[in-house]
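Student: This is the structure I have questions about; it appears just below.
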Amino acid sequence: MNLNFPFKKNTKTFRPRKEIPKGSNQHVLLEHAAKTLGTGNLKLAVMLPEGEDLNEWIAVNVVDFFNQINMLYGTLVDHCSDFSCPKMSAGAKYEYQWSDERNKKPIACSAPKYMDYLMTWVQSQLDNEAKFPSKIGVPFPKNFQAEAKKILRRLFRVYAHIYYHHFETVLELQEEPHLNTSFKHFVYFVSEFNLVDKKELAPLADLILKLVPDCAL
């Protein structure tokens, strides 16, 4: 589902967009979601369509949020350097370290390095048919929702970093409405299906209360 952000024509994504195969049920769900989102009712847009599989709906939205955040950060990449952002943080209170299958022990790194690790890792998860099946008849693994939660928890950190450390640039680029709409959409979705723990959202708790006052977290 594309929020149709009117970014400048030369805008590049931080990583290539993840496309959902046309003809698949997930692509049908994506089109349904885009139409619902077009009404402007974000709370309605995140609800599971009647008769559809929850895992497929989560998968479609995880791909969409990856693409949205990928594009948002892509517009800021020239303003987020090892020098300006030596830590992946959200203010002075929250710092995020990276770990994955290769780096079992969490490692401290700059924000751009963390973003590189994160987007590469998410892309690999989404491209793995065993973890994120897109073909008809291929079942979702039993741990699918746990994996989706992990991805969404980490993608939230990109929003948090942008709001804390790059908001002035967002304003200069006139991207605040797009950032706010994307984040509100994210909050409604993870709240609807309990996909990100409240404590993980704490860095932006005040902003959530302001932007999404009717969202029960």
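Labels used: A, B, ... for chains in the order of the structure tokens, numbers from 1 for residues in each chain, and numbers from 1 for ligands as shown.
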Taking the DSSP assignment computed from this structure's backbone, write out as an MDAnalysis selection string all residues of stretch 29-209 of chain A that belong to strand (DSSP E or B).
Tutor: chainID A and resid 89:90 94:95 98 107
Student: Need to verify the contact set: A:Leu204, 12 Å, only C-alpha atoms, exclusion of same-chain residues closer than 4 positions in sequence. Can you return it as a short mmCIF file (atom, residue, chain, number, x, y, z; two decimals) with C-alpha atoms, in the first residue's frame?
Tutor:
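Saved as result.cif:
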data_model
loop_
_atom_site.label_atom_id
_atom_site.label_comp_id
_atom_site.auth_asym_id
_atom_site.auth_seq_id
_atom_site.Cartn_x
_atom_site.Cartn_y
_atom_site.Cartn_z
CA ALA A 90 16.39 8.01 20.25
CA GLY A 91 17.42 10.91 22.42
CA LYS A 93 17.84 7.87 27.10
CA TYR A 94 17.52 5.19 24.44
CA PHE A 156 9.99 1.39 14.98
CA ARG A 157 13.49 2.40 16.01
CA VAL A 158 13.96 4.12 12.66
CA TYR A 159 10.90 6.30 13.31
CA ALA A 160 12.25 7.04 16.80
CA HIS A 161 15.68 8.02 15.51
CA ILE A 162 14.20 10.24 12.80
CA TYR A 163 11.89 12.08 15.19
CA TYR A 164 14.60 12.67 17.79
CA PHE A 183 3.97 6.70 11.78
CA LYS A 184 0.28 6.99 12.69
CA VAL A 187 0.98 2.73 15.42
CA LYS A 198 4.22 -0.84 24.87
CA LYS A 199 7.65 -0.58 26.51
CA GLU A 200 9.29 -0.66 23.06
CA ILE A 208 1.82 8.79 20.06
CA LEU A 209 -0.54 10.33 22.60
CA LYS A 210 -0.59 13.50 20.55
CA LEU A 211 -0.85 11.98 17.07
CA VAL A 212 -2.98 8.96 17.86
#
Student: Under the rule that only C-alpha atoms are counted, which of A:Glu175, A:Asp214, A:Asp116, A:Asp206 is the nearest residue to A:Glu192?
Tutor: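 Checking each candidate against A:Glu192, we get A:Asp214 as the closest.
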Student: Which residue out of A:Arg153, A:His185, A:Lys135, A:His178 has the minimum interatomic distance to A:Leu118 when only C-alpha atoms are used?
Tutor: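 Going through A:Arg153, A:His185, A:Lys135, A:His178 one by one, the smallest distance to A:Leu118 is for A:Arg153.
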Student: Find the residues around stretch 110-112 of chain A up to 9 Å (only C-alpha atoms counted), leave out those fewer than 3 positions away in its own chain, and share them as a list in words.
Tutor: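 Listing them by chain and then by number gives Val77, Cys80, Ser81, Asp82, Phe83, Ser84, Cys85, Pro86, Lys87, Met88, Ser89, Tyr96, Met115, Asp116, Tyr117 and His161 of chain A.
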Student: Nearest to A:Val122: which of A:His166, A:Lys149, A:His79, A:Lys43 is it, counting only C-alpha atoms?
Tutor: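 Ranking A:His166, A:Lys149, A:His79, A:Lys43 by distance to A:Val122, first place goes to A:Lys149.
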Student: Calculate how many Å separate atom CA of A:Ser99 from atom CA of A:Glu147, rounding to one decimal.
Tutor: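 One can read the atom CA of A:Ser99 to atom CA of A:Glu147 distance as 14.3 Å.
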Student: With only C-alpha atoms as the atoms that count, which of A:Asp100, A:Val46, A:Trp57, A:Phe167 lies nearest to A:Gln145?
Tutor: A:Trp57
Student: Counting only C-alpha atoms, which residue out of A:Val138, A:Ile69, A:Ala108, A:Ala130 sits closest to A:Thr181?
Tutor: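 Under the stated criterion, the closest residue is A:Ile69.
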Student: When you count only C-alpha atoms, which of these residues is closest to A:Ala45: A:Asn61, A:Phe144, A:Tyr73, A:Asp78?
Tutor: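 Ranking A:Asn61, A:Phe144, A:Tyr73, A:Asp78 by distance to A:Ala45, first place goes to A:Asn61.
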Student: Find the residues near A:Ile58: any atom within 12 Å, counting only C-alpha atoms, skip ones fewer than 2 places away on the same chain, and give them as a PyMOL selection string.
Tutor: chain A and resi 26+29-30+33+46-49+52-56+60-65+132-133+140+144-149+151-152+186+189-190+192-195
Student: Among stretch 105-162 of chain A, which residues carry a DSSP assignment of alpha helix (DSSP H), reported as a PyMOL selection string?
Tutor: chain A and resi 111-126+144-162
Student: Quick one, how far is atom CA of A:Leu72 from atom CA of A:Ser182?
Tutor: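 Taking atom CA of A:Leu72 as the start and atom CA of A:Ser182 as the end point, the length is 9.1 Å.
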